[in-house]
Protein chains: 2
Amino acid sequence: MEVKLASSYGFCFGVKRAIDIAQKYENSATMGPLIHNKNEIDRLQNDYKVGLYRDLNEVKPNDTVIIRTHGIPKQDLKDLRAKDAKVINATCPFVTTPQQIVKKMSQEGYSILIFGDSEHPEVKGVKSYGEDLEDVHVILEKSELDNLNFKHDKIATVAQTTRKKEIYLDIVNSLILKNKEVRVFNTICDATFENQDAARDLSKEVDVMIIIGGKNSSNTKQLHTISLENCSDSYLIENETELDSSWFDNKKLCGITAGASTPDWIIQQVVDKIKKY
Amino acid sequence: MEVKLASSYGFCFGVKRAIDIAQKYENSATMGPLIHNKNEIDRLQNDYKVGLYRDLNEVKPNDTVIIRTHGIPKQDLKDLRAKDAKVINATCPFVTTPQQIVKKMSQEGYSILIFGDSEHPEVKGVKSYGEDLEDVHVILEKSELDNLNFKHDKIATVAQTTRKKEIYLDIVNSLILKNKEVRVFNTICDATFENQDAARDLSKEVDVMIIIGGKNSSNTKQLHTISLENCSDSYLIENETELDSSWFDNKKLCGITAGASTPDWIIQQVVDKIKKY
């Protein structure tokens, strides 16, 4: 069976980078789970002795602490440094950038609007960099604008979500008409969209499509739905043990993609097995 | 006949301000026509001896020169100052602001986009304040974006037109998705829209509507069209001599509005005559 990988799949740039960093620091530990994938966390623990702090109080002086991909609040970072721990920052650049923008813009007297989910840890981290936390606002819908009280008529805005760009532009347009200046920083992370676009393209040219990822992962399920639109023989599996040889009968080309939490080594096991059919 | 004026009509804030300034400087002269209205220019000449330069070369040392409402290019202003003329700036603040924004933003390394008509004198003036004129772009349509070569991935943008805001927002949205940062300054002048909205409201409640302004003035004609939608007895006149008493037979309330180039004294003559019917 011939196999073709989607042009973009699996881990995003930020996650790959965080894992590379963790592998360089044996006997370190991460502040909260490094990424959202238990298999991979276990692998780092077993192969590289990378542990896990559940709480800041567990950190001792001279510990090597790795900051997780989605960042931590500013005060937590300060507290860590105050403990004389060695801090290694694996925060994704797509999270560090909005953190720094929020810091600088609120120092320069702008009200801040973050397009994102206020419950998400990366959003909490980004928000924490504002100088005046009462004037850093987080919304997911345009209708929420009505409830906000900006202190200034100069607004700086960042996006920290994989939600639709159209909603963000709609929010920005409303701000433009009501304020003297709106400063829009394009911090939209395209990773999710890239995997989806690539799955769409690939599913059009293959005979069978395999999507690897958690059965409960919403972004993996979305890849499955997209693939099914173009290729009725699309199957969602968590690993190579779930493969069924009959799926490949009379097929020539198999397309493969994977959800954002699927490590490359799981993908590789699937690819190797399919190639043997 | 009872008369009711639209809540907004005639000269905008910037034009009124320029005339106030000119009246304070007898024996001065304006650099180009102060505003777009010959009757008013003649009145300033007759009553206040405010003359008119057609060309920069006519200016002599110690002359008092008034800068017109829509501004002049930066170099012309420099040349004027070099002649040791006394320069009085009657440029509308809604034009000065974008001039200063373009200057500051291009000094800070932003590419500049002006939403406006490159042939309009106020747009030429605003554009002239860019540090790198090759990187100051003027467009009226979103489709023109494709032909532009921005030197930076940070764009600052101002609006200098009475065209639809929706087109501007559409242009801005396209910039946001393609650039690192877009800085949107709300420099939209609402004067034209305010007169139109007020004419729409007033024409709904009156029995007859009089629109005063040039028969060739596009904004006056637009006020007439809008009034006709709600009040079939809407008449466009240039001054009080064109009034016809039969228009007011069996009417109780007469609404009045005026184009952006119509001075108050012409409006007052019309009002006085109608009140006598």
# chains A, B, ... in the order shown; residues from 1 in each chain; ligands from 1

call {"tool": "interface_residues", "arguments": {"of": "chain A", "to": "chain B", "cutoff": "6 Å", "atoms": "only C-alpha atoms", "output": "ChimeraX atom specification"}}
result
/A:180-186

call {"tool": "write_last_selection", "arguments": {"atoms": "C-alpha atoms", "output": "PDB file, in the first residue's frame"}}
result
ATOM      1  CA  LYS A 180      -9.902  56.930  17.983  1.00  0.00           C
ATOM      2  CA  GLU A 181      -7.340  54.262  17.271  1.00  0.00           C
ATOM      3  CA  VAL A 182      -7.400  50.495  17.071  1.00  0.00           C
ATOM      4  CA  ARG A 183      -4.146  48.609  16.904  1.00  0.00           C
ATOM      5  CA  VAL A 184      -4.663  45.112  15.584  1.00  0.00           C
ATOM      6  CA  PHE A 185      -1.890  42.588  16.057  1.00  0.00           C
ATOM      7  CA  ASN A 186      -2.210  39.509  13.915  1.00  0.00           C
TER       8      ASN A 186
END

call {"tool": "atom_distance", "arguments": {"atom1": "CA of Glu26 in chain B", "atom2": "CA of Ser261 in chain B"}}
result
22.2 Å

call {"tool": "atom_distance", "arguments": {"atom1": "CA of Asp233 in chain A", "atom2": "CA of Trp247 in chain A"}}
result
7.6 Å

call {"tool": "residues_around", "arguments": {"residues": "Thr91 in chain B", "least_positions_apart": "4", "cutoff": "6 Å", "atoms": "only C-alpha atoms", "output": "MDAnalysis selection string"}}
result
chainID B and resid 68:71

call {"tool": "select_by_dssp", "arguments": {"residues": "range 9-102 of chain A", "states": "strand (DSSP E)", "output": "list in words"}}
result
Ala29, Thr30, Met31, Gly51, Leu52, Tyr53, Thr64, Val65, Ile66, Ile67, Lys86, Val87, Ile88 and Asn89 of chain A

call {"tool": "write_last_selection", "arguments": {"atoms": "N, CA, C and O atoms", "output": "PDB file, in the first residue's frame"}}
result
ATOM      1  N   ALA A  29      11.744  19.188  35.369  1.00  0.00           N
ATOM      2  CA  ALA A  29      10.311  18.914  35.502  1.00  0.00           C
ATOM      3  C   ALA A  29       9.552  20.087  34.906  1.00  0.00           C
ATOM      4  O   ALA A  29      10.057  21.210  34.881  1.00  0.00           O
ATOM      5  N   THR A  30       8.360  19.809  34.421  1.00  0.00           N
ATOM      6  CA  THR A  30       7.591  20.878  33.788  1.00  0.00           C
ATOM      7  C   THR A  30       6.564  21.435  34.781  1.00  0.00           C
ATOM      8  O   THR A  30       6.068  20.727  35.644  1.00  0.00           O
ATOM      9  N   MET A  31       6.283  22.715  34.623  1.00  0.00           N
ATOM     10  CA  MET A  31       5.295  23.386  35.476  1.00  0.00           C
ATOM     11  C   MET A  31       3.935  23.154  34.830  1.00  0.00           C
ATOM     12  O   MET A  31       3.574  23.809  33.857  1.00  0.00           O
ATOM     13  N   GLY A  51      10.044  15.298  34.805  1.00  0.00           N
ATOM     14  CA  GLY A  51       8.930  15.140  35.748  1.00  0.00           C
ATOM     15  C   GLY A  51       7.860  16.196  35.564  1.00  0.00           C
ATOM     16  O   GLY A  51       7.831  16.925  34.563  1.00  0.00           O
ATOM     17  N   LEU A  52       6.987  16.281  36.557  1.00  0.00           N
ATOM     18  CA  LEU A  52       5.837  17.178  36.449  1.00  0.00           C
ATOM     19  C   LEU A  52       5.516  17.776  37.815  1.00  0.00           C
ATOM     20  O   LEU A  52       5.306  17.045  38.781  1.00  0.00           O
ATOM     21  N   TYR A  53       5.513  19.109  37.897  1.00  0.00           N
ATOM     22  CA  TYR A  53       5.034  19.766  39.109  1.00  0.00           C
ATOM     23  C   TYR A  53       3.547  20.010  38.964  1.00  0.00           C
ATOM     24  O   TYR A  53       3.088  20.485  37.924  1.00  0.00           O
ATOM     25  N   THR A  64      15.435  22.512  37.870  1.00  0.00           N
ATOM     26  CA  THR A  64      15.267  23.019  36.510  1.00  0.00           C
ATOM     27  C   THR A  64      13.792  22.888  36.146  1.00  0.00           C
ATOM     28  O   THR A  64      13.244  21.783  36.098  1.00  0.00           O
ATOM     29  N   VAL A  65      13.154  24.034  35.935  1.00  0.00           N
ATOM     30  CA  VAL A  65      11.703  24.057  35.694  1.00  0.00           C
ATOM     31  C   VAL A  65      11.422  24.476  34.255  1.00  0.00           C
ATOM     32  O   VAL A  65      11.894  25.528  33.809  1.00  0.00           O
ATOM     33  N   ILE A  66      10.677  23.652  33.541  1.00  0.00           N
ATOM     34  CA  ILE A  66      10.330  23.981  32.153  1.00  0.00           C
ATOM     35  C   ILE A  66       8.915  24.552  32.111  1.00  0.00           C
ATOM     36  O   ILE A  66       7.969  23.932  32.624  1.00  0.00           O
ATOM     37  N   ILE A  67       8.794  25.750  31.541  1.00  0.00           N
ATOM     38  CA  ILE A  67       7.464  26.374  31.402  1.00  0.00           C
ATOM     39  C   ILE A  67       6.738  25.719  30.230  1.00  0.00           C
ATOM     40  O   ILE A  67       7.285  25.595  29.145  1.00  0.00           O
ATOM     41  N   LYS A  86      16.049  27.201  38.141  1.00  0.00           N
ATOM     42  CA  LYS A  86      16.535  27.478  36.789  1.00  0.00           C
ATOM     43  C   LYS A  86      15.319  27.361  35.858  1.00  0.00           C
ATOM     44  O   LYS A  86      14.747  26.276  35.729  1.00  0.00           O
ATOM     45  N   VAL A  87      14.910  28.477  35.275  1.00  0.00           N
ATOM     46  CA  VAL A  87      13.674  28.482  34.487  1.00  0.00           C
ATOM     47  C   VAL A  87      13.980  28.348  32.997  1.00  0.00           C
ATOM     48  O   VAL A  87      14.736  29.146  32.441  1.00  0.00           O
ATOM     49  N   ILE A  88      13.421  27.322  32.364  1.00  0.00           N
ATOM     50  CA  ILE A  88      13.570  27.123  30.915  1.00  0.00           C
ATOM     51  C   ILE A  88      12.209  27.382  30.296  1.00  0.00           C
ATOM     52  O   ILE A  88      11.221  26.715  30.625  1.00  0.00           O
ATOM     53  N   ASN A  89      12.144  28.360  29.399  1.00  0.00           N
ATOM     54  CA  ASN A  89      10.840  28.760  28.884  1.00  0.00           C
ATOM     55  C   ASN A  89      10.496  28.046  27.577  1.00  0.00           C
ATOM     56  O   ASN A  89      11.081  28.319  26.538  1.00  0.00           O
TER      57      ASN A  89
END

call {"tool": "atom_distance", "arguments": {"atom1": "CA of His137 in chain B", "atom2": "CA of Asp117 in chain B"}}
result
10.7 Å

call {"tool": "residues_around", "arguments": {"residues": "Gln99 in chain A", "least_positions_apart": "5", "cutoff": "12 Å", "atoms": "only C-alpha atoms", "output": "JSON, numbers by chain"}}
result
{"A": [70, 71, 72, 73, 74, 91, 92, 93, 94, 104, 105, 106, 112, 114, 122, 123, 124, 125, 126, 127, 128, 129, 130, 131, 136, 157, 158, 159, 160, 185, 187]}

call {"tool": "write_last_selection", "arguments": {"atoms": "N, CA, C and O atoms", "output": "short mmCIF file (atom, residue, chain, number, x, y, z; two decimals), in the first residue's frame"}}
result
data_model
loop_
_atom_site.label_atom_id
_atom_site.label_comp_id
_atom_site.auth_asym_id
_atom_site.auth_seq_id
_atom_site.Cartn_x
_atom_site.Cartn_y
_atom_site.Cartn_z
N HIS A 70 1.75 26.51 26.67
CA HIS A 70 0.75 27.59 26.67
C HIS A 70 1.03 28.67 27.71
O HIS A 70 0.18 29.53 27.95
N GLY A 71 2.24 28.62 28.33
CA GLY A 71 2.64 29.72 29.20
C GLY A 71 2.01 29.68 30.59
O GLY A 71 1.13 28.87 30.87
N ILE A 72 2.50 30.56 31.45
CA ILE A 72 1.95 30.68 32.81
C ILE A 72 1.78 32.17 33.11
O ILE A 72 2.39 33.02 32.46
N PRO A 73 0.95 32.50 34.10
CA PRO A 73 0.77 33.92 34.43
C PRO A 73 2.09 34.57 34.90
O PRO A 73 2.97 33.91 35.44
N LYS A 74 2.16 35.87 34.66
CA LYS A 74 3.36 36.65 34.96
C LYS A 74 3.81 36.46 36.41
O LYS A 74 5.00 36.29 36.68
N THR A 91 7.42 28.15 26.43
CA THR A 91 6.17 28.77 25.96
C THR A 91 6.23 28.96 24.45
O THR A 91 7.23 29.42 23.91
N CYS A 92 5.16 28.61 23.78
CA CYS A 92 5.09 28.76 22.32
C CYS A 92 5.26 30.24 21.95
O CYS A 92 4.65 31.10 22.57
N PRO A 93 6.08 30.52 20.92
CA PRO A 93 6.23 31.92 20.49
C PRO A 93 4.89 32.57 20.13
O PRO A 93 4.74 33.78 20.28
N PHE A 94 3.93 31.75 19.70
CA PHE A 94 2.61 32.31 19.38
C PHE A 94 1.85 32.71 20.65
O PHE A 94 0.78 33.30 20.58
N LYS A 104 3.43 45.73 26.57
CA LYS A 104 3.89 47.00 25.98
C LYS A 104 2.71 47.95 25.74
O LYS A 104 2.78 49.14 26.06
N MET A 105 1.64 47.43 25.16
CA MET A 105 0.50 48.30 24.81
C MET A 105 -0.16 48.86 26.06
O MET A 105 -0.56 50.01 26.08
N SER A 106 -0.24 48.06 27.12
CA SER A 106 -0.90 48.63 28.30
C SER A 106 0.02 49.61 29.00
O SER A 106 -0.44 50.58 29.59
N ILE A 112 -6.89 47.05 26.46
CA ILE A 112 -6.53 45.80 25.78
C ILE A 112 -7.75 44.92 25.58
O ILE A 112 -8.55 44.74 26.51
N ILE A 114 -8.55 41.01 24.30
CA ILE A 114 -8.04 39.70 23.86
C ILE A 114 -9.22 38.91 23.30
O ILE A 114 -10.25 38.77 23.97
N GLU A 122 -3.63 29.66 28.38
CA GLU A 122 -2.80 30.59 27.61
C GLU A 122 -3.39 31.99 27.64
O GLU A 122 -2.65 32.98 27.67
N VAL A 123 -4.72 32.08 27.66
CA VAL A 123 -5.37 33.39 27.71
C VAL A 123 -5.15 34.03 29.09
O VAL A 123 -4.84 35.23 29.19
N LYS A 124 -5.27 33.22 30.13
CA LYS A 124 -5.00 33.74 31.48
C LYS A 124 -3.58 34.29 31.56
O LYS A 124 -3.33 35.34 32.16
N GLY A 125 -2.64 33.55 30.95
CA GLY A 125 -1.24 33.99 30.95
C GLY A 125 -1.07 35.30 30.20
O GLY A 125 -0.45 36.25 30.70
N VAL A 126 -1.64 35.38 29.01
CA VAL A 126 -1.52 36.60 28.20
C VAL A 126 -2.13 37.78 28.95
O VAL A 126 -1.52 38.85 29.06
N LYS A 127 -3.31 37.58 29.50
CA LYS A 127 -4.00 38.65 30.21
C LYS A 127 -3.15 39.17 31.38
O LYS A 127 -3.11 40.38 31.65
N SER A 128 -2.46 38.26 32.06
CA SER A 128 -1.72 38.64 33.27
C SER A 128 -0.62 39.67 32.99
O SER A 128 -0.12 40.31 33.90
N TYR A 129 -0.25 39.83 31.71
CA TYR A 129 0.81 40.78 31.36
C TYR A 129 0.32 42.22 31.26
O TYR A 129 1.12 43.14 31.05
N GLY A 130 -1.00 42.43 31.37
CA GLY A 130 -1.51 43.80 31.35
C GLY A 130 -1.10 44.57 32.59
O GLY A 130 -1.00 43.99 33.68
N GLU A 131 -0.85 45.86 32.45
CA GLU A 131 -0.46 46.70 33.59
C GLU A 131 -1.67 46.98 34.48
O GLU A 131 -1.57 47.03 35.69
N VAL A 136 -8.01 45.05 30.82
CA VAL A 136 -7.68 43.98 29.86
C VAL A 136 -8.93 43.11 29.76
O VAL A 136 -9.34 42.51 30.76
N THR A 157 -5.45 45.13 20.33
CA THR A 157 -6.13 43.84 20.39
C THR A 157 -5.27 42.70 19.83
O THR A 157 -4.53 42.89 18.86
N VAL A 158 -5.36 41.54 20.50
CA VAL A 158 -4.66 40.33 20.06
C VAL A 158 -5.67 39.18 20.03
O VAL A 158 -6.68 39.22 20.72
N ALA A 159 -5.36 38.16 19.22
CA ALA A 159 -6.22 36.98 19.14
C ALA A 159 -5.48 35.80 19.73
O ALA A 159 -4.31 35.60 19.44
N GLN A 160 -6.17 35.05 20.60
CA GLN A 160 -5.53 33.91 21.24
C GLN A 160 -6.53 32.76 21.27
O GLN A 160 -7.05 32.38 22.31
N PHE A 185 -3.06 43.44 16.24
CA PHE A 185 -1.89 42.59 16.06
C PHE A 185 -2.36 41.22 15.58
O PHE A 185 -3.21 40.60 16.21
N THR A 187 -2.05 37.91 15.73
CA THR A 187 -1.42 36.85 16.52
C THR A 187 -2.20 35.55 16.36
O THR A 187 -2.06 34.63 17.15
#

call {"tool": "residues_around", "arguments": {"residues": "Leu5 in chain B", "least_positions_apart": "3", "cutoff": "7 Å", "atoms": "only C-alpha atoms", "output": "PyMOL selection string"}}
result
chain B and resi 255-257

call {"tool": "select_by_dssp", "arguments": {"residues": "range 47-213 of chain A", "states": "alpha helix (DSSP H)", "output": "ChimeraX atom specification"}}
result
/A:47-48,74-82,93-107,121-127,165-178,191-203

call {"tool": "write_last_selection", "arguments": {"atoms": "C-alpha atoms", "output": "compact mmCIF listing (two decimals), in the first residue's frame"}}
result
# COMPACT_ATOMS: atom_id res chain seq x y z
CA ASP A 47 13.10 8.30 28.39
CA TYR A 48 14.29 11.70 29.64
CA LYS A 74 3.36 36.65 34.96
CA GLN A 75 3.19 36.38 38.76
CA ASP A 76 3.85 32.61 38.69
CA LEU A 77 6.95 33.25 36.59
CA LYS A 78 8.13 35.86 39.11
CA ASP A 79 7.52 33.47 42.02
CA LEU A 80 9.48 30.74 40.23
CA ARG A 81 12.43 33.06 39.69
CA ALA A 82 12.26 34.12 43.35
CA PRO A 93 6.23 31.92 20.49
CA PHE A 94 2.61 32.31 19.38
CA VAL A 95 1.80 32.80 23.09
CA THR A 96 4.90 34.80 24.10
CA THR A 97 4.24 37.38 21.38
CA PRO A 98 0.74 38.37 22.59
CA GLN A 99 2.06 38.37 26.19
CA GLN A 100 4.68 40.95 25.21
CA ILE A 101 2.23 42.96 23.11
CA VAL A 102 -0.25 43.17 26.01
CA LYS A 103 2.53 44.30 28.32
CA LYS A 104 3.89 47.00 25.98
CA MET A 105 0.50 48.30 24.81
CA SER A 106 -0.90 48.63 28.30
CA GLN A 107 2.27 50.45 29.35
CA PRO A 121 -4.57 28.85 30.52
CA GLU A 122 -2.80 30.59 27.61
CA VAL A 123 -5.37 33.39 27.71
CA LYS A 124 -5.00 33.74 31.48
CA GLY A 125 -1.24 33.99 30.95
CA VAL A 126 -1.52 36.60 28.20
CA LYS A 127 -4.00 38.65 30.21
CA LYS A 165 -11.24 34.84 12.06
CA GLU A 166 -14.51 36.31 10.76
CA ILE A 167 -15.75 36.80 14.33
CA TYR A 168 -12.50 38.53 15.26
CA LEU A 169 -12.70 40.89 12.26
CA ASP A 170 -16.30 41.66 13.14
CA ILE A 171 -15.24 42.63 16.67
CA VAL A 172 -12.35 44.72 15.35
CA ASN A 173 -14.63 46.54 12.87
CA SER A 174 -16.98 47.49 15.65
CA LEU A 175 -14.05 48.84 17.70
CA ILE A 176 -12.75 50.88 14.73
CA LEU A 177 -16.02 52.79 14.36
CA LYS A 178 -16.20 53.64 18.07
CA ALA A 191 -1.84 25.58 13.00
CA THR A 192 -5.35 24.10 13.39
CA PHE A 193 -6.51 25.57 10.09
CA GLU A 194 -3.39 24.30 8.31
CA ASN A 195 -4.04 20.70 9.40
CA GLN A 196 -7.66 21.03 8.29
CA ASP A 197 -6.81 22.50 4.90
CA ALA A 198 -4.19 19.82 4.31
CA ALA A 199 -6.66 17.04 5.27
CA ARG A 200 -9.22 18.48 2.85
CA ASP A 201 -6.73 18.54 -0.02
CA LEU A 202 -5.33 15.08 0.64
CA SER A 203 -8.72 13.39 1.07

call {"tool": "decode", "arguments": {"residues": "range 161-202 of chain A", "atoms": "C-alpha atoms", "output": "PDB file, in the first residue's frame"}}
result
ATOM      1  CA  THR A 161      -7.852  31.232  19.972  1.00  0.00           C
ATOM      2  CA  THR A 162      -8.506  28.906  17.057  1.00  0.00           C
ATOM      3  CA  ARG A 163     -11.994  30.337  16.633  1.00  0.00           C
ATOM      4  CA  LYS A 164     -13.143  31.806  13.350  1.00  0.00           C
ATOM      5  CA  LYS A 165     -11.245  34.840  12.057  1.00  0.00           C
ATOM      6  CA  GLU A 166     -14.510  36.306  10.761  1.00  0.00           C
ATOM      7  CA  ILE A 167     -15.748  36.795  14.328  1.00  0.00           C
ATOM      8  CA  TYR A 168     -12.498  38.535  15.256  1.00  0.00           C
ATOM      9  CA  LEU A 169     -12.700  40.885  12.262  1.00  0.00           C
ATOM     10  CA  ASP A 170     -16.304  41.657  13.141  1.00  0.00           C
ATOM     11  CA  ILE A 171     -15.237  42.627  16.674  1.00  0.00           C
ATOM     12  CA  VAL A 172     -12.349  44.724  15.347  1.00  0.00           C
ATOM     13  CA  ASN A 173     -14.628  46.544  12.873  1.00  0.00           C
ATOM     14  CA  SER A 174     -16.982  47.485  15.654  1.00  0.00           C
ATOM     15  CA  LEU A 175     -14.053  48.836  17.697  1.00  0.00           C
ATOM     16  CA  ILE A 176     -12.748  50.881  14.732  1.00  0.00           C
ATOM     17  CA  LEU A 177     -16.017  52.785  14.358  1.00  0.00           C
ATOM     18  CA  LYS A 178     -16.197  53.640  18.072  1.00  0.00           C
ATOM     19  CA  ASN A 179     -12.596  54.478  18.971  1.00  0.00           C
ATOM     20  CA  LYS A 180      -9.902  56.930  17.983  1.00  0.00           C
ATOM     21  CA  GLU A 181      -7.340  54.262  17.271  1.00  0.00           C
ATOM     22  CA  VAL A 182      -7.400  50.495  17.071  1.00  0.00           C
ATOM     23  CA  ARG A 183      -4.146  48.609  16.904  1.00  0.00           C
ATOM     24  CA  VAL A 184      -4.663  45.112  15.584  1.00  0.00           C
ATOM     25  CA  PHE A 185      -1.890  42.588  16.057  1.00  0.00           C
ATOM     26  CA  ASN A 186      -2.210  39.509  13.915  1.00  0.00           C
ATOM     27  CA  THR A 187      -1.420  36.848  16.518  1.00  0.00           C
ATOM     28  CA  ILE A 188      -3.821  34.303  15.078  1.00  0.00           C
ATOM     29  CA  CYS A 189      -2.235  30.835  15.203  1.00  0.00           C
ATOM     30  CA  ASP A 190      -2.973  29.070  11.924  1.00  0.00           C
ATOM     31  CA  ALA A 191      -1.841  25.584  13.000  1.00  0.00           C
ATOM     32  CA  THR A 192      -5.348  24.098  13.387  1.00  0.00           C
ATOM     33  CA  PHE A 193      -6.510  25.568  10.086  1.00  0.00           C
ATOM     34  CA  GLU A 194      -3.395  24.300   8.307  1.00  0.00           C
ATOM     35  CA  ASN A 195      -4.043  20.698   9.401  1.00  0.00           C
ATOM     36  CA  GLN A 196      -7.662  21.029   8.291  1.00  0.00           C
ATOM     37  CA  ASP A 197      -6.812  22.502   4.897  1.00  0.00           C
ATOM     38  CA  ALA A 198      -4.195  19.815   4.308  1.00  0.00           C
ATOM     39  CA  ALA A 199      -6.658  17.036   5.269  1.00  0.00           C
ATOM     40  CA  ARG A 200      -9.223  18.482   2.852  1.00  0.00           C
ATOM     41  CA  ASP A 201      -6.734  18.537  -0.019  1.00  0.00           C
ATOM     42  CA  LEU A 202      -5.325  15.076   0.641  1.00  0.00           C
TER      43      LEU A 202
END
